[in-house]
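What follows is the content of run-v5.cif (mmCIF, C-alpha atoms).
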data_input
loop_
_atom_site.group_PDB
_atom_site.id
_atom_site.type_symbol
_atom_site.label_atom_id
_atom_site.label_comp_id
_atom_site.auth_asym_id
_atom_site.auth_seq_id
_atom_site.Cartn_x
_atom_site.Cartn_y
_atom_site.Cartn_z
ATOM 1 C CA GLN A 20 99.992 116.496 101.839
ATOM 2 C CA VAL A 21 97.241 113.903 101.921
ATOM 3 C CA GLN A 22 94.537 113.640 104.555
ATOM 4 C CA LEU A 23 92.491 110.485 104.912
ATOM 5 C CA VAL A 24 89.243 110.248 106.862
ATOM 6 C CA GLU A 25 87.562 106.895 107.416
ATOM 7 C CA SER A 26 83.907 106.309 108.199
ATOM 8 C CA GLY A 27 81.405 103.485 108.285
ATOM 9 C CA GLY A 28 82.623 101.436 111.213
ATOM 10 C CA GLY A 29 80.321 100.152 113.917
ATOM 11 C CA LEU A 30 78.885 97.151 115.711
ATOM 12 C CA VAL A 31 77.512 94.274 113.654
ATOM 13 C CA GLN A 32 76.552 90.667 114.313
ATOM 14 C CA ALA A 33 78.559 87.809 112.889
ATOM 15 C CA GLY A 34 77.521 87.151 109.306
ATOM 16 C CA GLY A 35 76.591 90.763 108.731
ATOM 17 C CA SER A 36 78.091 93.401 106.467
ATOM 18 C CA LEU A 37 79.645 96.824 106.724
ATOM 19 C CA ARG A 38 80.980 99.247 104.159
ATOM 20 C CA LEU A 39 83.898 101.435 105.122
ATOM 21 C CA SER A 40 84.661 104.641 103.266
ATOM 22 C CA CYS A 41 87.830 106.700 103.136
ATOM 23 C CA ALA A 42 87.670 110.258 101.872
ATOM 24 C CA ALA A 43 90.992 111.631 100.689
ATOM 25 C CA SER A 44 92.134 115.190 100.167
ATOM 26 C CA GLY A 45 94.716 116.160 97.611
ATOM 27 C CA ARG A 46 94.830 116.420 93.847
ATOM 28 C CA SER A 47 96.943 113.338 93.284
ATOM 29 C CA PHE A 48 94.686 110.786 94.957
ATOM 30 C CA SER A 49 93.855 109.050 91.708
ATOM 31 C CA SER A 50 97.535 108.226 91.109
ATOM 32 C CA TYR A 51 98.160 106.512 94.458
ATOM 33 C CA VAL A 52 97.984 102.931 95.550
ATOM 34 C CA MET A 53 95.335 102.816 98.293
ATOM 35 C CA GLY A 54 94.943 100.238 100.988
ATOM 36 C CA TRP A 55 93.279 99.127 104.190
ATOM 37 C CA PHE A 56 94.959 97.728 107.283
ATOM 38 C CA ARG A 57 93.540 96.732 110.645
ATOM 39 C CA GLN A 58 94.855 96.554 114.167
ATOM 40 C CA VAL A 59 93.796 95.137 117.497
ATOM 41 C CA PRO A 60 95.360 96.318 120.756
ATOM 42 C CA GLY A 61 98.710 94.705 121.455
ATOM 43 C CA LYS A 62 99.216 93.459 117.921
ATOM 44 C CA GLU A 63 100.932 94.832 114.863
ATOM 45 C CA ARG A 64 98.867 96.526 112.207
ATOM 46 C CA GLU A 65 98.014 93.933 109.568
ATOM 47 C CA PHE A 66 97.277 94.173 105.887
ATOM 48 C CA VAL A 67 93.707 93.741 104.672
ATOM 49 C CA ALA A 68 93.464 94.878 101.059
ATOM 50 C CA ALA A 69 95.001 97.247 98.520
ATOM 51 C CA MET A 70 94.231 98.526 95.067
ATOM 52 C CA GLN A 71 96.316 99.888 92.227
ATOM 53 C CA TRP A 72 95.719 103.475 91.161
ATOM 54 C CA ARG A 73 93.512 102.509 88.230
ATOM 55 C CA GLY A 74 91.738 99.826 90.191
ATOM 56 C CA GLY A 75 92.860 97.080 87.834
ATOM 57 C CA ILE A 76 94.975 95.127 90.312
ATOM 58 C CA THR A 77 93.921 94.289 93.842
ATOM 59 C CA LEU A 78 95.530 92.346 96.655
ATOM 60 C CA TYR A 79 93.817 90.760 99.650
ATOM 61 C CA ALA A 80 94.951 89.107 102.842
ATOM 62 C CA ASP A 81 94.079 85.412 102.896
ATOM 63 C CA ALA A 82 91.899 85.961 105.962
ATOM 64 C CA VAL A 83 89.487 88.232 104.066
ATOM 65 C CA LYS A 84 89.710 86.906 100.518
ATOM 66 C CA GLY A 85 86.265 86.184 99.127
ATOM 67 C CA ARG A 86 84.531 88.215 101.851
ATOM 68 C CA PHE A 87 85.964 91.735 101.506
ATOM 69 C CA THR A 88 86.103 93.897 98.392
ATOM 70 C CA ILE A 89 88.151 97.049 97.926
ATOM 71 C CA SER A 90 87.062 99.634 95.391
ATOM 72 C CA ARG A 91 87.688 103.273 94.609
ATOM 73 C CA ASP A 92 86.003 106.234 92.983
ATOM 74 C CA ASN A 93 88.786 108.493 91.766
ATOM 75 C CA ALA A 94 86.341 111.172 90.712
ATOM 76 C CA LYS A 95 85.208 111.456 94.332
ATOM 77 C CA ASN A 96 88.601 110.846 95.948
ATOM 78 C CA THR A 97 87.154 107.944 97.890
ATOM 79 C CA VAL A 98 88.148 104.347 98.537
ATOM 80 C CA PHE A 99 85.797 101.738 99.955
ATOM 81 C CA LEU A 100 86.008 98.443 101.763
ATOM 82 C CA GLN A 101 82.910 96.275 101.491
ATOM 83 C CA MET A 102 82.985 93.673 104.238
ATOM 84 C CA ASN A 103 80.610 90.722 104.048
ATOM 85 C CA SER A 104 80.202 87.571 106.131
ATOM 86 C CA LEU A 105 81.906 89.284 109.026
ATOM 87 C CA LYS A 106 83.432 87.188 111.796
ATOM 88 C CA PRO A 107 84.285 88.090 115.394
ATOM 89 C CA GLU A 108 87.970 87.843 114.454
ATOM 90 C CA ASP A 109 87.458 90.751 112.053
ATOM 91 C CA THR A 110 87.001 93.017 115.074
ATOM 92 C CA ALA A 111 89.663 95.728 114.883
ATOM 93 C CA ALA A 112 90.344 99.354 114.142
ATOM 94 C CA TYR A 113 90.486 99.722 110.363
ATOM 95 C CA TYR A 114 92.864 102.202 108.784
ATOM 96 C CA CYS A 115 92.879 103.660 105.302
ATOM 97 C CA THR A 116 96.295 104.293 103.824
ATOM 98 C CA ALA A 117 97.954 105.744 100.744
ATOM 99 C CA ASP A 118 101.248 105.040 99.032
ATOM 100 C CA SER A 119 102.199 108.345 97.440
ATOM 101 C CA SER A 120 105.778 107.399 96.613
ATOM 102 C CA ARG A 121 104.975 105.401 93.499
ATOM 103 C CA ARG A 122 102.471 107.410 91.539
ATOM 104 C CA PHE A 123 100.820 105.695 88.603
ATOM 105 C CA TYR A 124 102.426 102.428 89.660
ATOM 106 C CA SER A 125 101.209 99.640 87.414
ATOM 107 C CA GLY A 126 102.425 96.683 89.451
ATOM 108 C CA SER A 127 100.797 94.780 92.272
ATOM 109 C CA PRO A 128 100.141 96.767 95.457
ATOM 110 C CA SER A 129 102.251 96.067 98.520
ATOM 111 C CA SER A 130 101.013 94.350 101.671
ATOM 112 C CA SER A 131 103.773 95.909 103.790
ATOM 113 C CA LEU A 132 102.684 98.774 105.994
ATOM 114 C CA TYR A 133 106.136 100.331 105.554
ATOM 115 C CA GLU A 134 105.346 101.067 101.904
ATOM 116 C CA TYR A 135 102.485 103.390 102.866
ATOM 117 C CA ASP A 136 103.131 106.939 103.978
ATOM 118 C CA TYR A 137 99.735 108.442 104.753
ATOM 119 C CA TRP A 138 97.257 107.050 107.265
ATOM 120 C CA GLY A 139 93.787 107.895 108.460
ATOM 121 C CA GLN A 140 92.763 108.015 112.106
ATOM 122 C CA GLY A 141 90.971 104.665 111.947
ATOM 123 C CA THR A 142 87.402 103.485 112.373
ATOM 124 C CA GLN A 143 86.379 100.760 114.796
ATOM 125 C CA VAL A 144 84.646 97.620 113.581
ATOM 126 C CA THR A 145 83.218 95.288 116.205
ATOM 127 C CA VAL A 146 81.665 91.956 115.251
ATOM 128 C CA SER A 147 79.632 90.205 117.931
ATOM 129 C CA SER A 148 79.171 86.443 118.011
#
Would you mind writing the file's structure down as structure tokens?
Amino acid sequence: QVQLVESGGGLVQAGGSLRLSCAASGRSFSSYVMGWFRQVPGKEREFVAAMQWRGGITLYADAVKGRFTISRDNAKNTVFLQMNSLKPEDTAAYYCTADSSRRFYSGSPSSSLYEYDYWGQGTQVTVSS
């Protein structure tokens, strides 16, 4: 069983930055692909970023490429999402997620939410114009 707890969301002006954190429980965290998705009311949850278990391979949605950076600290069971140059369209609930089905997977992470089996409760990010 894996539990994920996000933190770091809040209200920020356009152009500002936020850093989201996701603390994970469980001994196998370091072997999982980890990712971030976001969702606004009435829309499907959309992919933001993901990282391979060793951190060597990352994948970003086109909408955030060059502005957001995913990272992880396996020793602390934590994954981060650094968000810079925020835009009002980045406003959403952000969810941390883990793919535990392919441990030590060396390929590129998936952008499909159906590949991920553990989810946090979400943290709200609001960007004002």
Around (93.1, 100.0, 107.3), as given in the file, which residues come within 9 Å? Count all atoms listed in the file and list them as a PyMOL selection string. chain A and resi 25+54-58+64-68+112-116+138-139+141-142
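Residue nearest A:Gly85 within the list A:Ser26, A:Ser50, A:Gln20, A:Asn103: A:Asn103 [criterion: smallest interatomic distance, all atoms listed in the file].
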So that I can see what lies close to A:Ser104, please list as a tab-separated table (two decimals) with C-alpha atoms, in the frame of the given file the residues with an atom at most 9 Å from it, counting all atoms listed in the file and leaving out residues fewer than 4 positions away in the same chain.
chain	number	residue	atom	x	y	z
A	33	ALA	CA	78.56	87.81	112.89
A	34	GLY	CA	77.52	87.15	109.31
A	35	GLY	CA	76.59	90.76	108.73
A	36	SER	CA	78.09	93.40	106.47
A	86	ARG	CA	84.53	88.22	101.85
A	87	PHE	CA	85.96	91.74	101.51
Could you produce a table of the residues of stretch 87-111 of chain A lying within 10 Å of stretch 78-83 of chain A, with the nearest pair of atoms per residue and their separation in Å rounded to one decimal, using only C-alpha atoms, ordered by chain and increasing residue number, as JSON lines?
{"residue": "A:Phe87", "atom": "CA", "partner": "A:Val83", "partner_atom": "CA", "distance": 5.6}
{"residue": "A:Thr88", "atom": "CA", "partner": "A:Tyr79", "partner_atom": "CA", "distance": 8.4}
{"residue": "A:Ile89", "atom": "CA", "partner": "A:Tyr79", "partner_atom": "CA", "distance": 8.6}
{"residue": "A:Met102", "atom": "CA", "partner": "A:Val83", "partner_atom": "CA", "distance": 8.5}
{"residue": "A:Asn103", "atom": "CA", "partner": "A:Val83", "partner_atom": "CA", "distance": 9.2}
{"residue": "A:Ser104", "atom": "CA", "partner": "A:Val83", "partner_atom": "CA", "distance": 9.5}
{"residue": "A:Leu105", "atom": "CA", "partner": "A:Val83", "partner_atom": "CA", "distance": 9.1}
{"residue": "A:Lys106", "atom": "CA", "partner": "A:Val83", "partner_atom": "CA", "distance": 9.9}
{"residue": "A:Glu108", "atom": "CA", "partner": "A:Ala82", "partner_atom": "CA", "distance": 9.5}
{"residue": "A:Asp109", "atom": "CA", "partner": "A:Val83", "partner_atom": "CA", "distance": 8.6}
For A:Val98, which of A:Gln140, A:Thr145, A:Gln71, A:Ser129 is the closest residue, counting all atoms listed in the file?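 Of A:Gln140, A:Thr145, A:Gln71, A:Ser129, the one nearest A:Val98 is A:Gln71, counting all atoms listed in the file.
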Nearest-residue call for A:Met53, choices A:Gln101, A:Gln32, A:Ser119, A:Thr110, using only C-alpha atoms: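 Of A:Gln101, A:Gln32, A:Ser119, A:Thr110, the one nearest A:Met53, counting only C-alpha atoms, is A:Ser119.
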Quick one: distance from atom CA of A:Gly29 to atom CA of A:Ser90 in Å, one decimal? 19.7 Å
Enclose the full set of atoms of stretch 47-63 of chain A listed in the file within a box whose edges lie along x, y and z, apply 3 Å of padding to each of the six sides, and report centre and edge lengths in Å to one decimal as AutoDock Vina command-line options.
--center_x 97.1 --center_y 103.4 --center_z 106.3 --size_x 13.7 --size_y 25.9 --size_z 36.3
Proximity to A:Ile76 - best of A:Tyr133, A:Gly45, A:Ser120, A:Val52, all atoms listed in the file: A:Val52
Just give me the gap between atom CA of A:Val144 and atom CA of A:Leu30 in Å, one decimal is fine.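 Going from atom CA of A:Val144 over to atom CA of A:Leu30 covers 6.2 Å.
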Apply the PyMOL selection byres ((chain A and resi 91) around 10) to the structure shown and report the selected residues as a PDB file with C-alpha atoms, in the frame of the given file.
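Below you can see out11.pdb, which holds the result:
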ATOM      1  CA  SER A  40      84.661 104.641 103.266  1.00  0.00           C
ATOM      2  CA  CYS A  41      87.830 106.700 103.136  1.00  0.00           C
ATOM      3  CA  SER A  49      93.855 109.050  91.708  1.00  0.00           C
ATOM      4  CA  MET A  53      95.335 102.816  98.293  1.00  0.00           C
ATOM      5  CA  MET A  70      94.231  98.526  95.067  1.00  0.00           C
ATOM      6  CA  GLN A  71      96.316  99.888  92.227  1.00  0.00           C
ATOM      7  CA  TRP A  72      95.719 103.475  91.161  1.00  0.00           C
ATOM      8  CA  ARG A  73      93.512 102.509  88.230  1.00  0.00           C
ATOM      9  CA  GLY A  74      91.738  99.826  90.191  1.00  0.00           C
ATOM     10  CA  ILE A  89      88.151  97.049  97.926  1.00  0.00           C
ATOM     11  CA  SER A  90      87.062  99.634  95.391  1.00  0.00           C
ATOM     12  CA  ASP A  92      86.003 106.234  92.983  1.00  0.00           C
ATOM     13  CA  ASN A  93      88.786 108.493  91.766  1.00  0.00           C
ATOM     14  CA  ALA A  94      86.341 111.172  90.712  1.00  0.00           C
ATOM     15  CA  LYS A  95      85.208 111.456  94.332  1.00  0.00           C
ATOM     16  CA  ASN A  96      88.601 110.846  95.948  1.00  0.00           C
ATOM     17  CA  THR A  97      87.154 107.944  97.890  1.00  0.00           C
ATOM     18  CA  VAL A  98      88.148 104.347  98.537  1.00  0.00           C
ATOM     19  CA  PHE A  99      85.797 101.738  99.955  1.00  0.00           C
ATOM     20  CA  LEU A 100      86.008  98.443 101.763  1.00  0.00           C
TER      21      LEU A 100
END
Selected residue, from A:Phe48, A:Gln143, A:Leu39, A:Lys62, that lies nearest to A:Asp118 when counting all atoms listed in the file: A:Phe48
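Taking atom CA of A:Tyr135 as the reference point, atom CA of A:Arg46 is found at 17.6 Å.
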Report as a PyMOL selection string the full result of the PyMOL selection byres ((chain A and resi 21) around 7) when it is applied to this structure. chain A and resi 20+22-23+43-45+137
